[in-house]
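Q: Contents of upload_38.txt (compact mmCIF, C-alpha atoms) are given next:
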# COMPACT_ATOMS: atom_id res chain seq x y z
CA MET A 1 0.00 0.00 0.00
CA PHE A 2 1.36 3.38 -1.04
CA LYS A 3 -0.21 6.61 0.06
CA ILE A 4 0.07 10.31 0.65
CA THR A 5 -2.42 11.25 3.35
CA ALA A 6 -3.35 14.14 5.59
CA ASP A 7 -4.44 11.68 8.30
CA PRO A 8 -2.17 10.54 11.15
CA LEU A 9 -0.04 7.55 10.17
CA SER A 10 -0.51 4.18 11.83
CA ILE A 11 2.43 1.89 12.58
CA ASP A 12 0.06 -1.03 13.15
CA GLU A 13 -1.51 -0.46 9.73
CA ALA A 14 1.95 -0.62 8.16
CA TYR A 15 2.76 -3.84 10.00
CA ALA A 16 -0.59 -5.44 9.15
CA ALA A 17 -0.17 -4.50 5.49
CA VAL A 18 3.10 -6.40 5.06
CA ARG A 19 2.99 -9.37 7.42
CA ALA A 20 2.65 -12.69 5.63
CA PRO A 21 2.80 -16.39 6.63
CA ASP A 22 5.94 -16.99 4.57
CA CYS A 23 7.78 -13.95 5.98
CA GLY A 24 9.58 -14.21 9.31
CA ALA A 25 10.80 -10.62 9.44
CA VAL A 26 9.30 -7.14 9.22
CA ALA A 27 11.47 -4.02 9.25
CA ILE A 28 9.69 -0.71 9.85
CA PHE A 29 11.05 2.81 9.60
CA VAL A 30 9.20 5.75 11.11
CA GLY A 31 10.33 9.30 10.43
CA THR A 32 9.10 11.79 13.03
CA VAL A 33 9.21 15.55 13.44
CA ARG A 34 12.28 16.39 15.51
CA ASN A 35 12.49 19.43 17.76
CA HIS A 36 15.88 20.51 16.43
CA HIS A 37 17.65 20.95 13.10
CA ASP A 38 20.98 22.63 12.34
CA GLY A 39 21.11 24.06 15.85
CA LYS A 40 17.65 25.65 15.64
CA ASN A 41 14.58 24.78 17.67
CA VAL A 42 11.91 23.48 15.34
CA THR A 43 8.32 24.18 16.36
CA ARG A 44 6.45 22.41 13.54
CA ILE A 45 6.77 21.22 9.95
CA SER A 46 4.44 21.55 7.00
CA TYR A 47 4.64 18.89 4.29
CA SER A 48 3.10 19.18 0.84
CA ALA A 49 3.25 16.69 -2.01
CA PHE A 50 2.42 16.05 -5.63
CA LYS A 51 0.20 13.22 -4.46
CA GLU A 52 -0.34 11.21 -7.66
CA MET A 53 3.33 11.30 -8.62
CA ALA A 54 4.56 10.60 -5.08
CA GLU A 55 2.34 7.53 -4.78
CA LYS A 56 3.65 6.33 -8.14
CA GLU A 57 7.23 6.90 -6.92
CA PHE A 58 6.46 4.85 -3.78
CA ALA A 59 5.26 1.98 -5.99
CA ARG A 60 8.38 2.32 -8.12
CA ILE A 61 10.61 2.26 -5.02
CA ALA A 62 8.86 -0.94 -3.93
CA ASP A 63 9.26 -2.54 -7.38
CA GLU A 64 12.94 -1.64 -7.39
CA ALA A 65 13.40 -3.17 -3.92
CA ARG A 66 11.57 -6.35 -4.92
CA ALA A 67 13.83 -6.66 -7.97
CA ARG A 68 16.95 -6.28 -5.83
CA TRP A 69 16.08 -8.21 -2.67
CA LYS A 70 14.06 -11.32 -1.90
CA ILE A 71 11.29 -9.58 0.03
CA GLY A 72 7.56 -9.91 0.54
CA ALA A 73 5.37 -6.82 0.72
CA VAL A 74 6.26 -3.12 0.96
CA TYR A 75 4.19 -0.36 2.60
CA ILE A 76 5.02 3.33 2.22
CA ALA A 77 2.93 6.20 3.59
CA HIS A 78 3.80 9.88 3.92
CA ARG A 79 1.73 12.46 5.72
CA THR A 80 1.02 15.99 4.51
CA GLY A 81 -0.17 19.12 6.28
CA VAL A 82 1.10 20.74 9.45
CA LEU A 83 2.79 18.27 11.80
CA GLU A 84 3.75 18.86 15.39
CA ILE A 85 6.91 17.68 17.16
CA GLY A 86 6.86 13.90 17.53
CA ASP A 87 4.28 13.30 14.79
CA ALA A 88 5.16 10.58 12.28
CA SER A 89 5.76 12.02 8.81
CA VAL A 90 6.67 8.80 7.01
CA VAL A 91 6.23 5.08 7.68
CA ILE A 92 7.88 2.35 5.60
CA ALA A 93 7.45 -1.37 6.28
CA VAL A 94 9.02 -4.30 4.46
CA SER A 95 8.50 -8.01 5.10
CA SER A 96 10.83 -10.83 4.10
CA ALA A 97 11.53 -14.48 4.86
CA HIS A 98 14.90 -13.56 6.39
CA ARG A 99 15.72 -10.39 8.29
CA ALA A 100 18.73 -9.06 6.34
CA GLU A 101 16.61 -8.37 3.27
CA ALA A 102 13.85 -6.56 5.17
CA PHE A 103 16.38 -4.27 6.87
CA GLU A 104 18.30 -3.51 3.69
CA ALA A 105 15.22 -2.91 1.54
CA CYS A 106 13.61 -0.70 4.21
CA ARG A 107 16.77 1.38 4.56
CA HIS A 108 17.08 1.67 0.80
CA ALA A 109 13.44 2.72 0.45
CA ILE A 110 13.77 5.69 2.81
CA GLU A 111 17.01 6.81 1.14
CA VAL A 112 15.40 6.74 -2.31
CA LEU A 113 12.17 8.32 -1.06
CA LYS A 114 14.13 11.26 0.34
CA LYS A 115 15.82 11.84 -3.02
CA MET A 116 13.00 11.10 -5.42
CA ALA A 117 9.52 11.52 -3.93
CA PRO A 118 7.94 14.87 -4.89
CA ILE A 119 7.33 16.01 -1.32
CA TRP A 120 8.26 19.39 0.17
CA LYS A 121 9.02 20.34 3.72
CA GLU A 122 8.64 23.77 5.23
CA GLU A 123 10.27 24.04 8.62
CA PHE A 124 9.04 26.50 11.23
CA THR A 125 11.55 27.64 13.85
CA GLU A 126 11.67 30.42 16.39
CA SER A 127 13.41 32.59 13.80
CA GLY A 128 11.01 32.02 10.89
CA LYS A 129 10.37 29.43 8.25
CA ALA A 130 12.37 27.79 5.48
CA TRP A 131 12.03 25.16 2.75
CA ILE A 132 14.24 22.21 3.63
CA SER A 133 15.52 19.67 1.12
CA GLY A 134 17.86 16.68 1.06
CA MET B 1 11.43 -1.27 28.22
CA PHE B 2 12.69 -4.86 28.21
CA LYS B 3 10.38 -7.80 28.68
CA ILE B 4 9.68 -11.45 28.26
CA THR B 5 5.92 -11.92 28.12
CA ALA B 6 3.33 -14.53 27.31
CA ASP B 7 0.99 -11.81 26.01
CA PRO B 8 0.75 -10.83 22.33
CA LEU B 9 3.33 -8.20 21.38
CA SER B 10 2.29 -4.71 20.33
CA ILE B 11 4.14 -2.80 17.62
CA ASP B 12 2.45 0.44 18.72
CA GLU B 13 3.66 -0.11 22.28
CA ALA B 14 7.22 -0.49 20.99
CA TYR B 15 6.93 2.69 18.93
CA ALA B 16 5.36 4.67 21.77
CA ALA B 17 8.10 3.49 24.16
CA VAL B 18 10.96 4.92 22.09
CA ARG B 19 9.61 8.00 20.31
CA ALA B 20 11.05 11.22 21.65
CA PRO B 21 10.94 14.90 20.64
CA ASP B 22 14.68 14.98 19.90
CA CYS B 23 14.60 11.82 17.76
CA GLY B 24 13.58 12.02 14.11
CA ALA B 25 13.88 8.31 13.36
CA VAL B 26 12.52 5.07 14.76
CA ALA B 27 13.60 1.68 13.39
CA ILE B 28 11.50 -1.31 14.37
CA PHE B 29 12.17 -4.99 13.80
CA VAL B 30 9.43 -7.58 14.18
CA GLY B 31 10.21 -11.28 14.05
CA THR B 32 7.20 -13.44 13.20
CA VAL B 33 6.50 -17.15 13.04
CA ARG B 34 7.12 -18.29 9.48
CA ASN B 35 5.31 -21.23 7.88
CA HIS B 36 8.48 -22.83 6.52
CA HIS B 37 12.01 -23.67 7.71
CA ASP B 38 14.66 -25.81 6.02
CA GLY B 39 12.10 -27.08 3.50
CA LYS B 40 9.62 -28.18 6.16
CA ASN B 41 6.15 -26.82 6.78
CA VAL B 42 6.04 -25.27 10.24
CA THR B 43 2.72 -25.44 12.05
CA ARG B 44 3.59 -23.60 15.27
CA ILE B 45 6.49 -22.65 17.56
CA SER B 46 6.84 -22.82 21.31
CA TYR B 47 9.23 -20.35 22.96
CA SER B 48 10.51 -20.62 26.50
CA ALA B 49 12.93 -18.32 28.30
CA PHE B 50 14.97 -17.78 31.42
CA LYS B 51 12.95 -14.63 31.98
CA GLU B 52 15.07 -12.74 34.53
CA MET B 53 18.32 -13.34 32.67
CA ALA B 54 16.80 -12.65 29.25
CA GLU B 55 15.43 -9.30 30.41
CA LYS B 56 18.85 -8.45 31.83
CA GLU B 57 20.46 -9.42 28.50
CA PHE B 58 18.00 -7.14 26.68
CA ALA B 59 19.07 -4.26 28.92
CA ARG B 60 22.73 -5.13 28.30
CA ILE B 61 22.14 -5.19 24.52
CA ALA B 62 20.56 -1.73 24.79
CA ASP B 63 23.45 -0.39 26.90
CA GLU B 64 25.94 -1.76 24.39
CA ALA B 65 24.04 -0.13 21.51
CA ARG B 66 23.88 3.21 23.33
CA ALA B 67 27.64 3.05 23.92
CA ARG B 68 28.29 2.38 20.24
CA TRP B 69 25.73 4.57 18.47
CA LYS B 70 24.17 7.94 19.16
CA ILE B 71 20.66 6.69 19.80
CA GLY B 72 17.72 7.55 22.02
CA ALA B 73 15.63 4.80 23.57
CA VAL B 74 15.60 1.04 23.00
CA TYR B 75 12.63 -1.33 23.41
CA ILE B 76 13.01 -5.12 23.31
CA ALA B 77 10.19 -7.60 23.93
CA HIS B 78 10.08 -11.35 23.30
CA ARG B 79 7.03 -13.53 23.60
CA THR B 80 6.92 -16.99 25.16
CA GLY B 81 4.43 -19.83 24.88
CA VAL B 82 2.89 -21.44 21.83
CA LEU B 83 2.78 -19.11 18.84
CA GLU B 84 0.85 -19.62 15.63
CA ILE B 85 2.02 -18.78 12.09
CA GLY B 86 2.22 -15.01 11.66
CA ASP B 87 2.39 -14.23 15.38
CA ALA B 88 5.11 -11.78 16.42
CA SER B 89 7.77 -13.47 18.56
CA VAL B 90 10.09 -10.49 19.03
CA VAL B 91 9.81 -6.71 18.67
CA ILE B 92 12.78 -4.34 18.85
CA ALA B 93 12.50 -0.57 18.46
CA VAL B 94 15.27 2.03 18.51
CA SER B 95 14.94 5.81 18.21
CA SER B 96 17.65 8.24 17.17
CA ALA B 97 18.09 11.78 15.91
CA HIS B 98 19.29 10.50 12.52
CA ARG B 99 18.13 7.35 10.76
CA ALA B 100 21.42 5.54 10.13
CA GLU B 101 21.98 4.97 13.85
CA ALA B 102 18.47 3.66 14.51
CA PHE B 103 18.76 1.14 11.66
CA GLU B 104 22.23 -0.04 12.64
CA ALA B 105 21.49 -0.34 16.34
CA CYS B 106 18.19 -2.16 15.68
CA ARG B 107 19.89 -4.62 13.34
CA HIS B 108 22.70 -5.15 15.83
CA ALA B 109 20.24 -5.72 18.67
CA ILE B 110 18.43 -8.57 16.92
CA GLU B 111 21.73 -10.20 15.93
CA VAL B 112 23.03 -10.12 19.51
CA LEU B 113 19.66 -11.18 20.95
CA LYS B 114 19.68 -14.28 18.75
CA LYS B 115 23.15 -15.25 20.01
CA MET B 116 22.91 -14.26 23.65
CA ALA B 117 19.38 -14.14 25.02
CA PRO B 118 18.49 -17.30 26.99
CA ILE B 119 15.42 -18.16 24.93
CA TRP B 120 14.60 -21.54 23.40
CA LYS B 121 12.53 -22.41 20.39
CA GLU B 122 10.76 -25.68 19.76
CA GLU B 123 9.50 -25.97 16.21
CA PHE B 124 6.49 -28.11 15.34
CA THR B 125 6.28 -29.43 11.80
CA GLU B 126 4.24 -32.09 10.06
CA SER B 127 7.00 -34.59 10.82
CA GLY B 128 7.41 -33.87 14.53
CA LYS B 129 9.12 -31.33 16.73
CA ALA B 130 12.68 -30.13 17.22
CA TRP B 131 14.68 -27.64 19.25
CA ILE B 132 16.03 -24.96 16.92
CA SER B 133 19.01 -22.75 17.67
CA GLY B 134 21.11 -20.15 15.89
CA MET C 1 -1.00 23.81 -28.16
CA ILE C 2 -1.95 24.52 -24.58
CA ILE C 3 0.03 22.87 -21.77
CA ALA C 4 -0.78 22.94 -18.06
CA VAL C 5 2.13 23.61 -15.72
CA GLN C 6 2.16 22.83 -12.00
CA LEU C 7 4.46 24.42 -9.44
CA PHE C 8 5.15 23.05 -5.97
CA GLY C 9 6.75 24.09 -2.70
CA PRO C 10 9.11 27.07 -2.94
CA LEU C 11 8.41 27.57 -6.65
CA ALA C 12 4.67 27.92 -6.07
CA GLU C 13 5.49 30.38 -3.29
CA GLN C 14 7.77 32.42 -5.58
CA ALA C 15 5.23 32.53 -8.37
CA GLY C 16 2.34 33.23 -6.02
CA ARG C 17 0.37 30.48 -7.75
CA SER C 18 0.67 26.79 -8.45
CA ARG C 19 -0.87 26.39 -11.87
CA PHE C 20 -0.36 27.96 -15.30
CA GLU C 21 -1.85 27.30 -18.73
CA LEU C 22 0.74 28.11 -21.39
CA THR C 23 0.31 28.39 -25.13
CA LEU C 24 3.35 26.79 -26.76
CA SER C 25 4.93 26.77 -30.17
CA GLY C 26 7.66 24.21 -29.30
CA SER C 27 7.07 20.71 -28.05
CA THR C 28 9.57 19.77 -25.32
CA VAL C 29 9.80 20.23 -21.57
CA GLY C 30 12.54 22.79 -22.26
CA ASP C 31 10.14 24.79 -24.40
CA VAL C 32 7.58 24.75 -21.57
CA VAL C 33 10.20 25.99 -19.10
CA ALA C 34 11.23 28.78 -21.48
CA ALA C 35 7.62 29.89 -21.91
CA LEU C 36 7.07 29.74 -18.15
CA SER C 37 10.12 31.97 -17.53
CA VAL C 38 8.54 34.58 -19.78
CA ALA C 39 5.11 34.24 -18.14
CA SER C 40 6.51 34.41 -14.60
CA PRO C 41 9.85 36.27 -14.62
CA SER C 42 10.21 36.13 -10.81
CA LEU C 43 10.65 32.34 -10.88
CA ARG C 44 14.18 31.08 -10.19
CA ILE C 45 14.37 27.84 -12.18
CA ASP C 46 17.93 26.77 -11.41
CA ARG C 47 19.71 23.50 -12.14
CA ALA C 48 18.38 21.89 -8.95
CA VAL C 49 14.83 21.98 -10.32
CA ARG C 50 13.67 18.73 -11.93
CA PHE C 51 10.72 18.25 -14.26
CA ALA C 52 7.91 15.78 -14.68
CA VAL C 53 5.54 15.11 -17.54
CA ASN C 54 2.31 13.95 -15.92
CA THR C 55 3.55 11.67 -13.08
CA ASP C 56 7.04 10.77 -14.32
CA TYR C 57 10.35 12.57 -14.10
CA ALA C 58 11.41 13.83 -17.53
CA GLU C 59 14.45 15.50 -19.10
CA THR C 60 14.19 18.94 -20.73
CA THR C 61 14.41 17.23 -24.11
CA ALA C 62 11.34 15.07 -23.42
CA PRO C 63 8.36 15.73 -25.73
CA VAL C 64 5.11 17.21 -24.44
CA ARG C 65 1.74 16.70 -26.06
CA GLU C 66 -1.61 18.43 -25.88
CA GLY C 67 -3.22 17.48 -22.56
CA ASP C 68 0.06 16.76 -20.74
CA VAL C 69 0.73 18.38 -17.38
CA VAL C 70 4.30 19.53 -16.87
CA SER C 71 5.44 19.85 -13.25
CA LEU C 72 8.41 21.70 -11.86
CA ILE C 73 9.94 19.74 -9.01
CA PRO C 74 12.14 21.92 -6.79
CA PRO C 75 14.52 20.09 -4.39
CA VAL C 76 12.42 17.60 -2.44
CA GLY C 77 12.33 17.15 1.33
CA GLY C 78 10.21 14.14 2.16
CA GLY C 79 11.05 11.71 4.94
CA MET D 1 27.21 -26.20 50.40
CA ILE D 2 23.93 -26.57 48.53
CA ILE D 3 23.62 -25.05 45.05
CA ALA D 4 20.46 -24.82 42.96
CA VAL D 5 20.79 -25.75 39.29
CA GLN D 6 18.33 -24.78 36.56
CA LEU D 7 17.95 -26.52 33.22
CA PHE D 8 16.21 -25.10 30.18
CA GLY D 9 14.92 -26.17 26.79
CA PRO D 10 16.35 -29.45 25.47
CA LEU D 11 18.39 -30.04 28.65
CA ALA D 12 15.29 -29.86 30.87
CA GLU D 13 13.62 -32.25 28.44
CA GLN D 14 16.57 -34.69 28.61
CA ALA D 15 16.71 -34.60 32.39
CA GLY D 16 12.95 -34.82 32.75
CA ARG D 17 13.10 -31.92 35.21
CA SER D 18 14.30 -28.33 35.28
CA ARG D 19 15.62 -27.89 38.79
CA PHE D 20 18.18 -29.70 40.98
CA GLU D 21 19.58 -29.01 44.42
CA LEU D 22 23.17 -30.30 44.56
CA THR D 23 25.42 -30.72 47.59
CA LEU D 24 28.91 -29.62 46.55
CA SER D 25 32.41 -29.98 47.88
CA GLY D 26 34.08 -27.78 45.21
CA SER D 27 33.27 -24.17 44.52
CA THR D 28 33.23 -23.43 40.78
CA VAL D 29 30.72 -23.71 37.96
CA GLY D 30 32.79 -26.66 36.69
CA ASP D 31 32.31 -28.43 40.02
CA VAL D 32 28.56 -27.90 39.76
CA VAL D 33 28.51 -29.36 36.25
CA ALA D 34 30.53 -32.38 37.40
CA ALA D 35 28.13 -32.99 40.28
CA LEU D 36 25.15 -32.58 37.95
CA SER D 37 26.56 -35.17 35.52
CA VAL D 38 26.67 -37.65 38.39
CA ALA D 39 23.16 -36.79 39.58
CA SER D 40 21.67 -36.95 36.07
CA PRO D 41 23.80 -39.25 33.86
CA SER D 42 21.44 -38.96 30.89
CA LEU D 43 22.29 -35.27 30.41
CA ARG D 44 24.46 -34.44 27.39
CA ILE D 45 26.40 -31.39 28.47
CA ASP D 46 28.52 -30.74 25.39
CA ARG D 47 30.72 -27.77 24.48
CA ALA D 48 27.76 -25.86 23.04
CA VAL D 49 26.21 -25.54 26.49
CA ARG D 50 26.94 -22.25 28.27
CA PHE D 51 26.54 -21.50 31.96
CA ALA D 52 25.18 -18.70 34.07
CA VAL D 53 25.59 -17.87 37.74
CA ASN D 54 22.35 -16.20 38.75
CA THR D 55 21.53 -13.99 35.75
CA ASP D 56 24.99 -13.61 34.15
CA TYR D 57 26.93 -15.84 31.79
CA ALA D 58 29.90 -17.40 33.58
CA GLU D 59 32.91 -19.54 32.67
CA THR D 60 33.39 -22.99 34.22
CA THR D 61 36.14 -21.51 36.40
CA ALA D 62 33.79 -18.92 37.93
CA PRO D 63 33.20 -19.30 41.68
CA VAL D 64 29.82 -20.25 43.08
CA ARG D 65 28.65 -19.37 46.56
CA GLU D 66 25.92 -20.62 48.87
CA GLY D 67 22.60 -19.32 47.58
CA ASP D 68 23.73 -18.94 43.95
CA VAL D 69 21.65 -20.45 41.17
CA VAL D 70 23.66 -22.04 38.36
CA SER D 71 21.90 -22.32 35.01
CA LEU D 72 22.79 -24.50 32.06
CA ILE D 73 22.13 -22.61 28.83
CA PRO D 74 21.85 -24.93 25.82
CA PRO D 75 22.09 -23.32 22.35
CA VAL D 76 19.57 -20.48 22.27
CA GLY D 77 16.97 -19.82 19.62
CA GLY D 78 15.30 -16.51 20.34
CA GLY D 79 14.24 -14.09 17.67
If you convert what's in this file into structure tokens, what do you get?

A:
Amino acid sequence: MFKITADPLSIDEAYAAVRAPDCGAVAIFVGTVRNHHDGKNVTRISYSAFKEMAEKEFARIADEARARWKIGAVYIAHRTGVLEIGDASVVIAVSSAHRAEAFEACRHAIEVLKKMAPIWKEEFTESGKAWISG
Amino acid sequence: MFKITADPLSIDEAYAAVRAPDCGAVAIFVGTVRNHHDGKNVTRISYSAFKEMAEKEFARIADEARARWKIGAVYIAHRTGVLEIGDASVVIAVSSAHRAEAFEACRHAIEVLKKMAPIWKEEFTESGKAWISG
Amino acid sequence: MIIAVQLFGPLAEQAGRSRFELTLSGSTVGDVVAALSVASPSLRIDRAVRFAVNTDYAETTAPVREGDVVSLIPPVGGG
Amino acid sequence: MIIAVQLFGPLAEQAGRSRFELTLSGSTVGDVVAALSVASPSLRIDRAVRFAVNTDYAETTAPVREGDVVSLIPPVGGG
């Protein structure tokens, strides 16, 4: 399942979406809004996305991972809108028969998502706001 | 939080236990009962543990990870009793400011747990049962 | 032909709007970008900006056809 | 002195019980294992078996004291 959503993300949903009888391992990554960045106090973050393209990129990231590693299912969800400190902005889950593949594919997925998914982040700090990339 | 429990494991509990305002990443590993092993069809698995020592080993694994990586909190839970296919047997969660550390520490924790935690696994297949290690 | 252009993030902020309809003589992504620069001179379309035709990344040499939506993808920040 | 011994997993299955109370003359983990082998000859305590004194892994040369619990840790299979 691949989605851009304004609703809060659910870790249990991610887990339920990928668990399978023939998979003994699930690796999950959760990105959350951190209260600091480059020495500044972050108060909140606003995410926006090109939804249709981002969801297609998520599916492409999953296809790429399945071609490279022996894995089961992949779940990728990213939230949009104004998020507070501690809120989950992204959840990725990957299942596999053996744990190495789930870890590696999950790690790879977040790295590629950060480079390729058309999602933008506006960071609000005590001193103002700024678009953050990379 | 470090525990051996006969109750079903909760991924959300693991996530809630480690998330922190200064951590932007949470890596979670879930080990589940797989329906196959070494070419045999597995029907269920029974786990037993030396509870007090296992929980102490979990805490030691977390201390070791905190000494090696810049991470926030660590959660390790392992279930005991008879588990069915798809049930979660172990959940590990690690938070960190940056994602590389959470992934590496989480991966390390499951590797060390498998070698060191005093937990035993009896696998039931169509052809009988066997103690499985390693 | 008429091509729809979408802007996102900092580019939409710079332009003060997120959607344009451009009338084009050429037929590549590069032609769309050139026309957009004329229509919205305040836009800073530097080398870090990528492009998409509909929902796929595309080079500036990629063709565009009537009905396509061209998107400008400034540096992304998901995760 | 009297030392409690715990067995787990396949070793408890082999012995048909998981707890022994042994009366010892010596004072190391190795002495406990030797006494256990006499008390329960069917046990196969090979080199893959590790030992713990109370809740910590211990070598066979580690001392044991009155009140300690010595555990035999056959190959583990958590995860």

Q: What separation in Å, quoted to one decimal, exists between atom CA of D:Gly26 and atom CA of D:Ile45?

A: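 Separation of atom CA of D:Gly26 and atom CA of D:Ile45: 18.8 Å.
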
Q: Could you list the residues in chain A lying within 8 Å of chain B, using only C-alpha atoms, and format the result as a PDB file with C-alpha atoms, in the frame of the given file?

A:
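Okay, part08.pdb is ready:
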ATOM      1  CA  ILE A  11       2.430   1.890  12.580  1.00  0.00           C
ATOM      2  CA  ASP A  12       0.060  -1.030  13.150  1.00  0.00           C
ATOM      3  CA  TYR A  15       2.760  -3.840  10.000  1.00  0.00           C
ATOM      4  CA  ARG A  19       2.990  -9.370   7.420  1.00  0.00           C
ATOM      5  CA  ALA A  20       2.650 -12.690   5.630  1.00  0.00           C
ATOM      6  CA  PRO A  21       2.800 -16.390   6.630  1.00  0.00           C
ATOM      7  CA  ASP A  22       5.940 -16.990   4.570  1.00  0.00           C
ATOM      8  CA  CYS A  23       7.780 -13.950   5.980  1.00  0.00           C
ATOM      9  CA  GLY A  24       9.580 -14.210   9.310  1.00  0.00           C
ATOM     10  CA  ALA A  25      10.800 -10.620   9.440  1.00  0.00           C
ATOM     11  CA  VAL A  26       9.300  -7.140   9.220  1.00  0.00           C
ATOM     12  CA  ALA A  27      11.470  -4.020   9.250  1.00  0.00           C
ATOM     13  CA  ILE A  28       9.690  -0.710   9.850  1.00  0.00           C
ATOM     14  CA  PHE A  29      11.050   2.810   9.600  1.00  0.00           C
ATOM     15  CA  VAL A  30       9.200   5.750  11.110  1.00  0.00           C
ATOM     16  CA  GLY A  31      10.330   9.300  10.430  1.00  0.00           C
ATOM     17  CA  THR A  32       9.100  11.790  13.030  1.00  0.00           C
ATOM     18  CA  VAL A  33       9.210  15.550  13.440  1.00  0.00           C
ATOM     19  CA  ARG A  34      12.280  16.390  15.510  1.00  0.00           C
ATOM     20  CA  ASN A  35      12.490  19.430  17.760  1.00  0.00           C
ATOM     21  CA  HIS A  36      15.880  20.510  16.430  1.00  0.00           C
ATOM     22  CA  ILE A  85       6.910  17.680  17.160  1.00  0.00           C
ATOM     23  CA  GLY A  86       6.860  13.900  17.530  1.00  0.00           C
ATOM     24  CA  ALA A  97      11.530 -14.480   4.860  1.00  0.00           C
ATOM     25  CA  PHE A 103      16.380  -4.270   6.870  1.00  0.00           C
ATOM     26  CA  ARG A 107      16.770   1.380   4.560  1.00  0.00           C
TER      27      ARG A 107
END

Q: Tell me as an MDAnalysis selection string which residues belonging to chain A come within 10 Å of chain C, counting all atoms listed in the file.

A: chainID A and resid 30:33 47:57 77:80 88:92 110:122 130:134

Q: Pull the neighbourhood of (10.7, 16.1, -27.3) for me: all residues within 9 Å in file coordinates, counting all atoms listed in the file, as a VMD selection string.

A: chain C and resid 26 to 30 60 to 64

Q: Please return, as a list in words, all polymer residues that have at least one atom within 8 Å of the point (18.2, 3.7, 22.3); use only C-alpha atoms and the file's own coordinate frame.

A: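 Residues found, by chain and rising number: Val18, Ala62, Ala65, Arg66, Lys70, Ile71, Gly72, Ala73, Val74, Tyr75, Val94, Ser95, Ser96, Ala102 and Ala105 of chain B.
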
Q: Each side padded by 5 Å, which centre and which edge lengths in Å (one decimal) define the axis-aligned box around the listed atoms of stretch 62-75 of chain B? Give them as JSON.

A:
{"center_x": 20.5, "center_y": 3.1, "center_z": 22.7, "size_x": 25.7, "size_y": 19.7, "size_z": 18.4}

Q: Enter the distance from atom CA of C:Met1 to atom CA of C:Arg65, in Å, rounded to one decimal.

A: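 Going from atom CA of C:Met1 over to atom CA of C:Arg65, I get 7.9 Å.
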
Q: Would you mind reading off the distance between atom CA of B:Ile4 and atom CA of A:Ala16, one decimal, in Å?

A: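 Distance between the two atoms: 22.5 Å.
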
Q: Would you mind listing what lies within 12 Å of D:Val38 as a ChimeraX atom specification, with all atoms listed in the file counted and same-chain residues fewer than 5 positions away left out?

A: /D:20,22-24,31-33,43-45

Q: Any chance you could export the current selection's C-alpha atoms as a compact mmCIF listing (two decimals), in the coordinates of the input?

A:
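Output saved as again.txt:
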# COMPACT_ATOMS: atom_id res chain seq x y z
CA PHE D 20 18.18 -29.70 40.98
CA LEU D 22 23.17 -30.30 44.56
CA THR D 23 25.42 -30.72 47.59
CA LEU D 24 28.91 -29.62 46.55
CA ASP D 31 32.31 -28.43 40.02
CA VAL D 32 28.56 -27.90 39.76
CA VAL D 33 28.51 -29.36 36.25
CA LEU D 43 22.29 -35.27 30.41
CA ARG D 44 24.46 -34.44 27.39
CA ILE D 45 26.40 -31.39 28.47

Q: Find the residues near C:Ser40: any atom within 9 Å, counting all atoms listed in the file, skip ones fewer than 4 places away on the same chain, and give them as a PyMOL selection string.

A: chain C and resi 15+35-36
